[in-house]
Structures are given as C-alpha cells and as structure tokens.
file query_4.pdb (PDB, C-alpha atoms and all ligand atoms)
ATOM      1  CA  MET T 174      14.994  14.731 -17.367
ATOM      2  CA  ARG T 175      13.157  17.947 -18.332
ATOM      3  CA  LEU T 176      15.398  20.968 -18.057
ATOM      4  CA  ASN T 177      14.063  24.387 -17.134
ATOM      5  CA  ASN T 178      14.492  27.478 -19.264
ATOM      6  CA  LEU T 179      17.620  28.724 -17.530
ATOM      7  CA  GLN T 180      19.286  25.319 -17.582
ATOM      8  CA  GLN T 181      18.652  25.122 -21.337
ATOM      9  CA  LYS T 182      20.117  28.591 -21.882
ATOM     10  CA  ILE T 183      23.234  27.656 -19.906
ATOM     11  CA  LEU T 184      23.718  24.579 -22.081
ATOM     12  CA  GLU T 185      23.319  26.686 -25.231
ATOM     13  CA  VAL T 186      26.013  29.155 -24.113
ATOM     14  CA  LYS T 187      28.204  26.253 -23.042
ATOM     15  CA  LYS T 188      28.037  24.764 -26.545
ATOM     16  CA  GLN T 189      28.641  28.098 -28.223
ATOM     17  CA  LYS T 190      31.711  28.818 -26.074
ATOM     18  CA  ASN T 191      33.018  25.253 -25.935
ATOM     19  CA  ALA T 192      33.034  25.410 -22.144
ATOM     20  CA  LEU T 193      33.409  22.574 -19.653
ATOM     21  CA  ILE T 194      31.196  22.739 -16.549
ATOM     22  CA  LEU T 195      32.775  21.016 -13.547
ATOM     23  CA  VAL T 196      30.429  20.561 -10.595
ATOM     24  CA  HIS T 197      31.147  19.427  -7.037
ATOM     25  CA  ASN T 198      28.760  16.979  -5.333
ATOM     26  CA  TYR T 199      27.659  19.681  -2.855
ATOM     27  CA  GLN T 200      26.110  21.941  -5.493
ATOM     28  CA  VAL T 201      22.332  22.445  -5.716
ATOM     29  CA  PRO T 202      20.475  19.796  -7.763
ATOM     30  CA  GLU T 203      19.627  22.073 -10.706
ATOM     31  CA  ILE T 204      23.349  22.692 -11.259
ATOM     32  CA  GLN T 205      24.244  19.035 -10.737
ATOM     33  CA  GLU T 206      21.766  18.183 -13.514
ATOM     34  CA  ILE T 207      23.639  20.162 -16.174
ATOM     35  CA  ALA T 208      27.195  19.200 -15.175
ATOM     36  CA  ASP T 209      29.675  17.858 -17.706
ATOM     37  CA  VAL T 210      31.371  16.254 -14.751
ATOM     38  CA  LEU T 211      29.834  15.868 -11.296
ATOM     39  CA  GLY T 212      32.207  14.551  -8.683
ATOM     40  CA  ASP T 213      34.368  14.770  -5.589
ATOM     41  CA  SER T 214      37.513  16.888  -5.302
ATOM     42  CA  LEU T 215      39.799  14.191  -6.716
ATOM     43  CA  GLU T 216      37.557  13.343  -9.674
ATOM     44  CA  LEU T 217      37.232  17.037 -10.544
ATOM     45  CA  CYS T 218      41.015  17.532 -10.286
ATOM     46  CA  ARG T 219      41.506  14.669 -12.744
ATOM     47  CA  LYS T 220      38.968  16.088 -15.168
ATOM     48  CA  ALA T 221      40.536  19.547 -14.917
ATOM     49  CA  GLN T 222      43.898  17.988 -15.782
ATOM     50  CA  GLU T 223      42.388  16.387 -18.905
ATOM     51  CA  ALA T 224      40.474  19.503 -20.012
ATOM     52  CA  ASN T 225      42.620  20.163 -23.114
ATOM     53  CA  ASP T 226      39.749  20.368 -25.589
ATOM     54  CA  ALA T 227      37.674  22.993 -23.774
ATOM     55  CA  ASP T 228      38.158  26.733 -24.346
ATOM     56  CA  MET T 229      36.882  27.656 -20.897
ATOM     57  CA  ILE T 230      36.375  25.820 -17.592
ATOM     58  CA  VAL T 231      33.462  26.966 -15.463
ATOM     59  CA  PHE T 232      33.846  25.695 -11.921
ATOM     60  CA  CYS T 233      30.762  25.222  -9.772
ATOM     61  CA  GLY T 234      32.439  24.628  -6.441
ATOM     62  CA  VAL T 235      34.572  26.701  -4.076
ATOM     63  CA  ASP T 236      37.625  28.924  -4.540
ATOM     64  CA  PHE T 237      40.395  26.385  -3.965
ATOM     65  CA  MET T 238      38.843  23.972  -6.474
ATOM     66  CA  ALA T 239      38.685  26.596  -9.223
ATOM     67  CA  GLU T 240      42.234  27.646  -8.355
ATOM     68  CA  THR T 241      43.411  24.036  -8.667
ATOM     69  CA  ALA T 242      41.798  23.819 -12.104
ATOM     70  CA  LYS T 243      43.640  27.025 -13.103
ATOM     71  CA  VAL T 244      46.987  25.763 -11.765
ATOM     72  CA  LEU T 245      46.560  22.617 -13.892
ATOM     73  CA  ASN T 246      45.541  24.701 -16.939
ATOM     74  CA  PRO T 247      47.572  27.926 -16.763
ATOM     75  CA  ASP T 248      46.735  28.965 -20.336
ATOM     76  CA  LYS T 249      43.009  28.353 -20.102
ATOM     77  CA  LYS T 250      40.286  30.666 -18.890
ATOM     78  CA  VAL T 251      38.869  29.347 -15.598
ATOM     79  CA  VAL T 252      35.763  31.023 -14.251
ATOM     80  CA  ILE T 253      33.867  30.744 -10.942
ATOM     81  CA  PRO T 254      30.305  32.118 -10.810
ATOM     82  CA  SER T 255      30.658  33.774  -7.382
ATOM     83  CA  VAL T 256      33.608  35.329  -5.542
ATOM     84  CA  LYS T 257      31.767  34.511  -2.332
ATOM     85  CA  ALA T 258      32.250  30.769  -2.819
ATOM     86  CA  VAL T 259      35.132  30.754  -0.363
ATOM     87  CA  CYS T 260      35.890  27.658   1.749
ATOM     88  CA  PRO T 261      36.565  28.760   5.353
ATOM     89  CA  MET T 262      38.766  25.735   6.002
ATOM     90  CA  ALA T 263      41.136  26.623   3.161
ATOM     91  CA  GLY T 264      41.623  30.028   4.812
ATOM     92  CA  MET T 265      42.605  28.463   8.164
ATOM     93  CA  LEU T 266      46.172  27.656   7.157
ATOM     94  CA  SER T 267      48.373  30.749   7.275
ATOM     95  CA  MET T 268      51.708  30.868   5.484
ATOM     96  CA  ILE T 269      53.346  31.837   8.790
ATOM     97  CA  THR T 270      52.117  28.653  10.514
ATOM     98  CA  LEU T 271      53.130  26.513   7.555
ATOM     99  CA  ARG T 272      56.623  28.003   7.292
ATOM    100  CA  GLU T 273      57.182  27.729  11.056
ATOM    101  CA  ALA T 274      56.373  24.006  10.915
ATOM    102  CA  LYS T 275      58.685  23.537   7.935
ATOM    103  CA  THR T 276      61.509  25.235   9.824
ATOM    104  CA  LYS T 277      60.889  23.176  12.956
ATOM    105  CA  TYR T 278      60.625  19.862  11.062
ATOM    106  CA  PRO T 279      62.907  20.325   8.031
ATOM    107  CA  ASP T 280      62.924  16.612   7.139
ATOM    108  CA  ALA T 281      59.183  16.086   7.297
ATOM    109  CA  PRO T 282      57.307  16.058   3.973
ATOM    110  CA  VAL T 283      54.323  18.408   3.792
ATOM    111  CA  VAL T 284      50.983  16.859   2.824
ATOM    112  CA  LEU T 285      48.255  19.422   2.279
ATOM    113  CA  TYR T 286      44.584  18.757   1.721
ATOM    114  CA  VAL T 287      43.464  20.263  -1.588
ATOM    115  CA  ASN T 288      41.271  22.483   0.599
ATOM    116  CA  THR T 289      44.104  25.056   0.732
ATOM    117  CA  LEU T 290      44.977  28.079  -1.364
ATOM    118  CA  ALA T 291      47.584  27.934  -4.131
ATOM    119  CA  ASP T 292      50.320  29.747  -2.165
ATOM    120  CA  ALA T 293      50.164  27.029   0.513
ATOM    121  CA  LYS T 294      50.111  24.258  -2.105
ATOM    122  CA  ALA T 295      53.238  25.824  -3.601
ATOM    123  CA  GLU T 296      55.044  24.946  -0.334
ATOM    124  CA  ALA T 297      53.735  21.359  -0.147
ATOM    125  CA  THR T 298      55.463  18.117  -1.067
ATOM    126  CA  VAL T 299      52.168  16.683  -2.261
ATOM    127  CA  THR T 300      48.458  17.455  -1.931
ATOM    128  CA  CYS T 301      45.737  14.978  -1.016
ATOM    129  CA  THR T 302      41.957  14.710  -0.961
ATOM    130  CA  SER T 303      39.621  12.823   1.339
ATOM    131  CA  ALA T 304      39.667   9.995  -1.233
ATOM    132  CA  ASN T 305      43.422   9.375  -1.163
ATOM    133  CA  ALA T 306      44.944  10.949   1.990
ATOM    134  CA  ASP T 307      45.981   7.667   3.678
ATOM    135  CA  LYS T 308      47.311   6.248   0.412
ATOM    136  CA  ILE T 309      49.452   9.328  -0.205
ATOM    137  CA  VAL T 310      50.888   9.491   3.334
ATOM    138  CA  ARG T 311      51.641   5.739   3.287
ATOM    139  CA  GLN T 312      53.598   6.019   0.038
ATOM    140  CA  LEU T 313      55.835   8.741   1.449
ATOM    141  CA  GLY T 314      57.226   6.247   3.983
ATOM    142  CA  ALA T 315      58.135   9.085   6.381
ATOM    143  CA  LYS T 316      58.083   8.892  10.196
ATOM    144  CA  GLN T 317      56.841  12.472  10.580
ATOM    145  CA  VAL T 318      54.557  14.321   8.183
ATOM    146  CA  ILE T 319      53.401  17.936   8.343
ATOM    147  CA  PHE T 320      49.666  17.688   7.621
ATOM    148  CA  GLY T 321      46.880  20.218   7.263
ATOM    149  CA  PRO T 322      44.585  21.959   7.449
ATOM    150  CA  ASP T 323      41.891  19.390   8.366
ATOM    151  CA  LYS T 324      42.596  17.727  11.704
ATOM    152  CA  ASN T 325      39.704  15.292  11.283
ATOM    153  CA  LEU T 326      41.091  14.070   7.969
ATOM    154  CA  GLY T 327      44.360  13.790   9.900
ATOM    155  CA  PHE T 328      42.617  11.531  12.434
ATOM    156  CA  PHE T 329      41.360   9.375   9.542
ATOM    157  CA  VAL T 330      44.937   9.008   8.253
ATOM    158  CA  GLN T 331      46.463   8.524  11.717
ATOM    159  CA  LYS T 332      44.061   5.686  12.485
ATOM    160  CA  ARG T 333      45.143   3.804   9.367
ATOM    161  CA  LEU T 334      48.831   4.659   9.763
ATOM    162  CA  PRO T 335      49.539   4.624  13.518
ATOM    163  CA  ASP T 336      53.323   4.555  13.013
ATOM    164  CA  VAL T 337      53.386   7.925  11.276
ATOM    165  CA  GLU T 338      53.408  11.053  13.429
ATOM    166  CA  LEU T 339      51.285  13.827  11.934
ATOM    167  CA  ILE T 340      52.234  17.389  12.794
ATOM    168  CA  TYR T 341      49.077  19.441  12.366
ATOM    169  CA  VAL T 342      49.060  22.829  10.688
ATOM    170  CA  PRO T 343      47.126  24.663  12.066
ATOM    171  CA  GLU T 344      46.412  22.925  15.354
ATOM    172  CA  ASP T 345      42.644  22.786  14.987
ATOM    173  CA  GLY T 346      41.810  23.162  11.296
ATOM    174  CA  HIS T 347      38.323  21.899  10.534
ATOM    175  CA  CYS T 348      35.261  22.181   8.321
ATOM    176  CA  ARG T 349      32.452  23.949  10.125
ATOM    177  CA  VAL T 350      29.787  22.012   8.199
ATOM    178  CA  HIS T 351      31.173  18.633   9.256
ATOM    179  CA  ARG T 352      31.784  19.862  12.795
ATOM    180  CA  PHE T 353      28.125  20.904  12.911
ATOM    181  CA  ILE T 354      27.144  17.304  12.056
ATOM    182  CA  GLY T 355      28.532  16.450  15.492
ATOM    183  CA  LYS T 356      29.760  13.316  17.180
ATOM    184  CA  GLY T 357      27.230  10.933  15.616
ATOM    185  CA  GLU T 358      24.636  10.590  18.394
ATOM    186  CA  GLU T 359      21.751  11.599  16.123
ATOM    187  CA  ALA T 360      23.027   9.335  13.349
ATOM    188  CA  MET T 361      23.111   6.339  15.719
ATOM    189  CA  GLU T 362      19.599   7.138  16.921
ATOM    190  CA  LEU T 363      18.442   7.100  13.278
ATOM    191  CA  LYS T 364      20.223   3.779  12.747
ATOM    192  CA  LYS T 365      18.353   2.304  15.720
ATOM    193  CA  GLN T 366      15.054   3.509  14.271
ATOM    194  CA  ASN T 367      15.918   1.979  10.867
ATOM    195  CA  PRO T 368      17.130  -1.617  11.329
ATOM    196  CA  GLY T 369      19.439  -2.717   8.493
ATOM    197  CA  SER T 370      20.479   0.820   7.687
ATOM    198  CA  GLU T 371      24.083   1.958   7.125
ATOM    199  CA  VAL T 372      25.807   5.017   8.569
ATOM    200  CA  TRP T 373      28.391   6.879   6.472
ATOM    201  CA  ALA T 374      30.682   9.642   7.696
ATOM    202  CA  HIS T 375      32.944  11.881   5.640
ATOM    203  CA  PRO T 376      36.601  12.039   6.827
ATOM    204  CA  GLU T 377      36.010  15.721   7.644
ATOM    205  CA  CYS T 378      33.577  14.582  10.395
ATOM    206  CA  GLU T 379      34.587  14.539  14.064
ATOM    207  CA  PRO T 380      36.664  11.507  15.158
ATOM    208  CA  GLU T 381      33.884  10.268  17.496
ATOM    209  CA  PHE T 382      31.488  10.101  14.535
ATOM    210  CA  GLN T 383      34.074   8.416  12.300
ATOM    211  CA  GLU T 384      34.472   5.732  14.990
ATOM    212  CA  LYS T 385      30.716   5.055  15.136
ATOM    213  CA  ALA T 386      30.074   5.044  11.372
ATOM    214  CA  ASP T 387      29.902   1.854   9.296
ATOM    215  CA  TYR T 388      31.932   3.527   6.535
ATOM    216  CA  VAL T 389      34.125   6.615   6.360
ATOM    217  CA  LEU T 390      34.107   7.782   2.748
ATOM    218  CA  SER T 391      34.806  10.746   0.497
ATOM    219  CA  THR T 392      31.748  12.006  -1.374
ATOM    220  CA  GLY T 393      32.902  10.021  -4.424
ATOM    221  CA  GLY T 394      33.293   6.950  -2.193
ATOM    222  CA  MET T 395      29.718   7.460  -0.992
ATOM    223  CA  VAL T 396      28.455   7.576  -4.587
ATOM    224  CA  ARG T 397      30.231   4.259  -5.290
ATOM    225  CA  ARG T 398      29.035   2.630  -2.049
ATOM    226  CA  ALA T 399      25.439   3.583  -2.926
ATOM    227  CA  ASN T 400      25.796   1.518  -6.124
ATOM    228  CA  GLU T 401      26.989  -1.521  -4.142
ATOM    229  CA  THR T 402      25.025  -1.651  -0.903
ATOM    230  CA  ASP T 403      21.805  -3.590  -0.335
ATOM    231  CA  ALA T 404      20.835  -1.292   2.533
ATOM    232  CA  GLU T 405      17.556   0.453   1.851
ATOM    233  CA  VAL T 406      18.102   3.272   4.319
ATOM    234  CA  ILE T 407      21.398   5.126   4.537
ATOM    235  CA  ILE T 408      22.314   7.802   7.048
ATOM    236  CA  VAL T 409      24.699  10.221   5.391
ATOM    237  CA  GLY T 410      27.173  12.356   7.325
ATOM    238  CA  THR T 411      28.124  15.074   4.898
ATOM    239  CA  GLU T 412      26.824  18.205   3.169
ATOM    240  CA  GLU T 413      23.227  17.853   1.972
ATOM    241  CA  GLY T 414      23.979  18.457  -1.740
ATOM    242  CA  LEU T 415      25.368  14.941  -1.945
ATOM    243  CA  ILE T 416      22.124  13.570  -0.515
ATOM    244  CA  ASP T 417      20.241  15.268  -3.382
ATOM    245  CA  ARG T 418      22.504  13.449  -5.844
ATOM    246  CA  LEU T 419      22.213  10.062  -4.106
ATOM    247  CA  GLN T 420      18.424  10.308  -3.875
ATOM    248  CA  ARG T 421      18.145  11.221  -7.563
ATOM    249  CA  GLU T 422      20.369   8.308  -8.601
ATOM    250  CA  HIS T 423      18.727   5.779  -6.238
ATOM    251  CA  PRO T 424      15.045   6.682  -5.878
ATOM    252  CA  GLU T 425      14.337   3.205  -4.432
ATOM    253  CA  LYS T 426      16.550   3.909  -1.389
ATOM    254  CA  LYS T 427      16.091   6.414   1.415
ATOM    255  CA  PHE T 428      19.006   8.718   2.272
ATOM    256  CA  LEU T 429      18.707  10.540   5.588
ATOM    257  CA  PRO T 430      21.021  13.335   6.723
ATOM    258  CA  ALA T 431      23.064  12.451   9.832
ATOM    259  CA  LYS T 432      22.180  15.984  10.878
ATOM    260  CA  LYS T 433      19.464  18.078   9.251
ATOM    261  CA  TYR T 434      20.493  21.330   7.544
ATOM    262  CA  SER T 435      24.148  20.425   7.022
ATOM    263  CA  VAL T 436      24.679  23.132   4.446
ATOM    264  CA  CYS T 437      27.927  24.569   3.121
ATOM    265  CA  GLY T 438      27.143  28.260   2.586
ATOM    266  CA  ALA T 439      30.216  28.644   0.372
ATOM    267  CA  MET T 440      29.074  25.920  -2.039
ATOM    268  CA  LYS T 441      25.559  27.325  -2.080
ATOM    269  CA  ARG T 442      26.783  30.745  -3.275
ATOM    270  CA  ILE T 443      26.655  29.275  -6.766
ATOM    271  CA  THR T 444      23.200  29.475  -8.306
ATOM    272  CA  LEU T 445      21.770  28.816 -11.769
ATOM    273  CA  GLU T 446      21.432  32.589 -12.178
ATOM    274  CA  ASN T 447      25.050  33.468 -11.426
ATOM    275  CA  LEU T 448      26.243  30.440 -13.415
ATOM    276  CA  TYR T 449      24.380  31.755 -16.471
ATOM    277  CA  ILE T 450      25.853  35.245 -16.047
ATOM    278  CA  ALA T 451      29.339  33.800 -15.487
ATOM    279  CA  MET T 452      29.102  31.851 -18.735
ATOM    280  CA  VAL T 453      27.908  34.835 -20.737
ATOM    281  CA  ASP T 454      30.336  37.395 -19.217
ATOM    282  CA  GLU T 455      33.188  34.874 -18.742
ATOM    283  CA  GLU T 456      33.658  36.192 -15.227
ATOM    284  CA  VAL T 457      34.855  35.930 -12.453
ATOM    285  CA  GLU T 458      38.129  34.761 -13.923
ATOM    286  CA  ILE T 459      40.633  32.975 -11.664
ATOM    287  CA  HIS T 460      44.246  34.186 -11.710
ATOM    288  CA  VAL T 461      47.179  32.537  -9.981
ATOM    289  CA  PRO T 462      50.628  34.185 -10.099
ATOM    290  CA  GLU T 463      52.895  32.193 -12.432
ATOM    291  CA  GLU T 464      55.589  31.405  -9.843
ATOM    292  CA  ILE T 465      53.028  30.091  -7.324
ATOM    293  CA  ALA T 466      51.213  28.106 -10.009
ATOM    294  CA  LYS T 467      54.431  26.454 -11.185
ATOM    295  CA  LYS T 468      55.271  25.251  -7.673
ATOM    296  CA  ALA T 469      51.693  24.294  -6.749
ATOM    297  CA  THR T 470      51.291  22.228  -9.883
ATOM    298  CA  VAL T 471      54.160  19.955  -8.799
ATOM    299  CA  ALA T 472      52.351  19.033  -5.548
ATOM    300  CA  ILE T 473      49.006  18.512  -7.304
ATOM    301  CA  GLU T 474      50.437  16.457 -10.167
ATOM    302  CA  ARG T 475      52.400  14.346  -7.700
ATOM    303  CA  MET T 476      49.112  13.569  -5.945
ATOM    304  CA  LEU T 477      47.448  12.602  -9.218
ATOM    305  CA  GLU T 478      50.356  10.263 -10.020
ATOM    306  CA  MET T 479      50.285   8.695  -6.556
ATOM    307  CA  SER T 480      46.516   8.087  -6.395
TER     308      SER T 480
HETATM  309  P1  LIG B 501      35.206  15.428  -1.305
HETATM  310  O1  LIG B 501      34.076  15.715  -2.229
HETATM  311  O2  LIG B 501      36.487  15.339  -2.032
HETATM  312  O3  LIG B 501      34.922  14.232  -0.465
HETATM  313  O4  LIG B 501      35.405  16.685  -0.347
HETATM  314  C1  LIG B 501      34.439  17.300   0.356
HETATM  315  C2  LIG B 501      34.700  18.730   0.606
HETATM  316  O5  LIG B 501      34.404  19.239   1.635
HETATM  317  C3  LIG B 501      35.247  19.541  -0.411
HETATM  318  O6  LIG B 501      35.390  20.782   0.110
HETATM  319 FE1  LIG B 502      34.966  23.952   2.846
HETATM  320 FE2  LIG B 502      33.572  22.377   4.500
HETATM  321 FE3  LIG B 502      32.340  23.673   2.549
HETATM  322 FE4  LIG B 502      33.968  21.624   1.998
HETATM  323  S1  LIG B 502      32.036  21.544   3.111
HETATM  324  S2  LIG B 502      33.880  23.583   0.933
HETATM  325  S3  LIG B 502      35.539  21.926   3.566
HETATM  326  S4  LIG B 502      33.389  24.591   4.283
END
call {"tool": "encode", "arguments": {"input": "query_4.pdb", "output": "structure tokens", "more": "lines below"}}
Ligand code: 13P
Ligand code: SF4
result
Amino acid sequence: MRLNNLQQKILEVKKQKNALILVHNYQVPEIQEIADVLGDSLELCRKAQEANDADMIVFCGVDFMAETAKVLNPDKKVVIPSVKAVCPMAGMLSMITLREAKTKYPDAPVVLYVNTLADAKAEATVTCTSANADKIVRQLGAKQVIFGPDKNLGFFVQKRLPDVELIYVPEDGHCRVHRFIGKGEEAMELKKQNPGSEVWAHPECEPEFQEKADYVLSTGGMVRRANETDAEVIIVGTEEGLIDRLQREHPEKKFLPAKKYSVCGAMKRITLENLYIAMVDEEVEIHVPEEIAKKATVAIERMLEMS
C-alpha cells in the first residue's frame, strides 16, 4: 500500500515518540491504513490494557474509548485528536438516572456498555461491549440486571437470555446512527435483489432489523464473518467506516450499506490532519480523576476477565 505524505509523517512522529495508534473500525480509511491496531471496542480495550511498552497512546475513536484507555493506563499519556469526537449515546446516561435505579434495585448488578463515561463506569459492576454483552450478563446469574445505555443492545441480550429481567437506564438510550439505519426494510429489499447475499446487523440496530438479519454481530464479529462466508454480496447494517475496511480486505466481495450515508459524525471528527497535530503537540490529553479511574477500572477489568 502506498502511503501519502501526511500518513508517512504521522508514522515518523509515531516512531520518534514511541506512540501506539489505536483505531476504531469506524474511522476513515486513511487512518485505518496507518493503525497499529484496528478493531472493535473490545479488541481496542484489550490492546490498551497491554500497552505497557508505548510512551503515548493516540486514540482514533470517540471520547469514551480514549477514556477507557486512560483508565487502564493511568500513568500513560493518552491523547485524542479532537475534543469533538463525543459519542451522543455515552452522554445519554445521567448519574441521577443510574443512582435512582441502583437505589430502587439494590440487589441488581449494573452492566454498562463501554459507551458510557468514566463516572458511570465507576458505579458499574461490570462493563460490556457489543461483542460480549450476552456472555457477561449470563455469567452474572442474576434475575434482574440494571443495563444501559443502549436499549437495542439490551434487546439483543434479552433475546438470548429471556429469564433475565433487564432494567433499562435510561429508558430509551440508543445510537442515532444505528437508529437511522432503520427497521431493515431497505436491507431486505437489497437481499431480494442479490440472491445468495447475507444481511448483517449490529446489536445497536433496531430490534426489528436484528430480527430480519442473518447475523447480528459486533464490528469485530463482522470482520471475522467476512473471512468465513462464501457469500459474494453482503448487506452491512452499521457505520460506513467498517464497510471501507471490509471492502479493502475483501476486494472480491461486494459490501453494500443497509442504509446509505450511515455516518457517525463523532467518529469522523478525527482526520489525518488533526491526528498529525495531536501526535506532534501531544494534545488533547485525556484526564480522569484518580478516584473515578480506580473504581471504573474494576468494572472494565472484570469485563476483560469475563470475556
Ligand atoms: P463495536 O465496534 O464494539 O461493535 O461498537 C460499535 C460502536 O458503536 C462503538 O461506538
Ligand atoms: Fe456513539 Fe453510535 Fe457513533 Fe458508536 S456509532 S460512537 S454508539 S454515535
């Protein structure tokens, strides 16, 4: 692969500063191409936990992901290229709502999606991602579980574990990108037009779409499924950055978006230009208050042990 001038400069600075560039699957292709690690939320959490050798972590993703990397590496510099890379879903869970639920259901463990801010994670029993949510809830063996903020991920879990009652915090937490993808009508129309094709939905998609899809997978699960399937056409229900990755890795297949222009504006705040500046200036640095970080790290590490 031929790298452009800016990509080459970023790699030079990276080497000089012994930095580790972690990149989420929804980033633009030119950033994906220069990642040390490109992955889903769980894979990036794991890599952040093992980042002992690097002097600086540069996170190309959204706020809660960079915060998680900082919580797992309190003594390391963690930098995000744009302060505007803020996940709206993570902001949907207020501490008031969370504490009210904990008071009302004192015996229920709290399982929070990693798409939450560190102060919420500090109040959780364990975190989860779209790759391990059902596995984590199952292992808790509880009858009632406080779960949030993504209600659609909750549906995914509830379907696999019908005997567990999920108490949602907040009541209608969701990802606006996956809500925009809709209930799957367009995806099924595409499937009809492409006999032999497969339809994939992310667990953040609406329940109606999850029910229609052939597979419901995290972005990392989609990457693995692409390596296994014989289908030549795949209809992908998630943010379009992942489609760029899949198409690059499997040029012989055709990946179609379940809905055109499914773009996460927060993820797309990171550009090659601001990544370069972030590496040179070592800014914007992520800070998490020590007390919060100490508590949040317990919930995140518990997840990593359980998955
Ligand atoms: P995964 O990459 O873990 O499937 O999550 C998608 C997402 O929306 C992260 O914000
Ligand atoms: Fe947040 Fe949705 Fe964007 Fe993921 S895709 S970062 S959940 S807004």
call {"tool": "residues_near_ligand", "arguments": {"input": "query_4.pdb", "ligand": "ligand LIG 501 (chain B)", "cutoff": "6 Å", "atoms": "all atoms listed in the file", "output": "NGL selection string"}}
result
:T and (213-215 or 302-303 or 391-392)
call {"tool": "write_last_selection", "arguments": {"input": "query_4.pdb", "atoms": "C-alpha atoms", "output": "short mmCIF file (atom, residue, chain, number, x, y, z; two decimals), keeping the file's coordinate frame"}}
result
data_model
loop_
_atom_site.label_atom_id
_atom_site.label_comp_id
_atom_site.auth_asym_id
_atom_site.auth_seq_id
_atom_site.Cartn_x
_atom_site.Cartn_y
_atom_site.Cartn_z
CA ASP T 213 34.37 14.77 -5.59
CA SER T 214 37.51 16.89 -5.30
CA LEU T 215 39.80 14.19 -6.72
CA THR T 302 41.96 14.71 -0.96
CA SER T 303 39.62 12.82 1.34
CA SER T 391 34.81 10.75 0.50
CA THR T 392 31.75 12.01 -1.37
#
call {"tool": "residues_near_ligand", "arguments": {"input": "query_4.pdb", "ligand": "ligand LIG 502 (chain B)", "cutoff": "10 Å", "atoms": "all atoms listed in the file", "output": "ChimeraX atom specification"}}
result
/T:197,199,214,234-238,258-264,286-289,322-323,347-352,377-378,411-414,435-441
call {"tool": "axis_aligned_box", "arguments": {"input": "query_4.pdb", "around": "range 184-199 of chain T", "padding_each_side": "3 Å", "output": "JSON"}}
result
{"center_x": 28.4, "center_y": 23.1, "center_z": -15.5, "size_x": 16.1, "size_y": 18.2, "size_z": 31.4}
call {"tool": "resolve_selection", "arguments": {"input": "query_4.pdb", "expression": "the PyMOL selection byres (((chain T and resi 473-477) around 10) and not hetatm)", "output": "PyMOL selection string"}}
result
chain T and resi 215-216+218-219+222+241+244-245+284-285+287+294-295+297-302+305-306+308-309+468-472+478-480
call {"tool": "resolve_selection", "arguments": {"input": "query_4.pdb", "expression": "the PyMOL selection byres (((chain T and resi 451-462) around 10) and not hetatm)", "output": "VMD selection string"}}
result
chain T and resid 183 to 184 186 to 187 190 192 194 229 to 232 236 239 to 244 247 249 to 256 290 to 292 445 to 450 463 to 467 469
call {"tool": "atom_distance", "arguments": {"input": "query_4.pdb", "atom1": "CA of Pro343 in chain T", "atom2": "CA of Met395 in chain T"}}
result
27.7 Å
call {"tool": "closest_residue", "arguments": {"input": "query_4.pdb", "among": "T:Leu339, T:Leu429, T:Ile207, T:Leu179", "to": "Ala281 in chain T", "atoms": "only C-alpha atoms"}}
result
T:Leu339
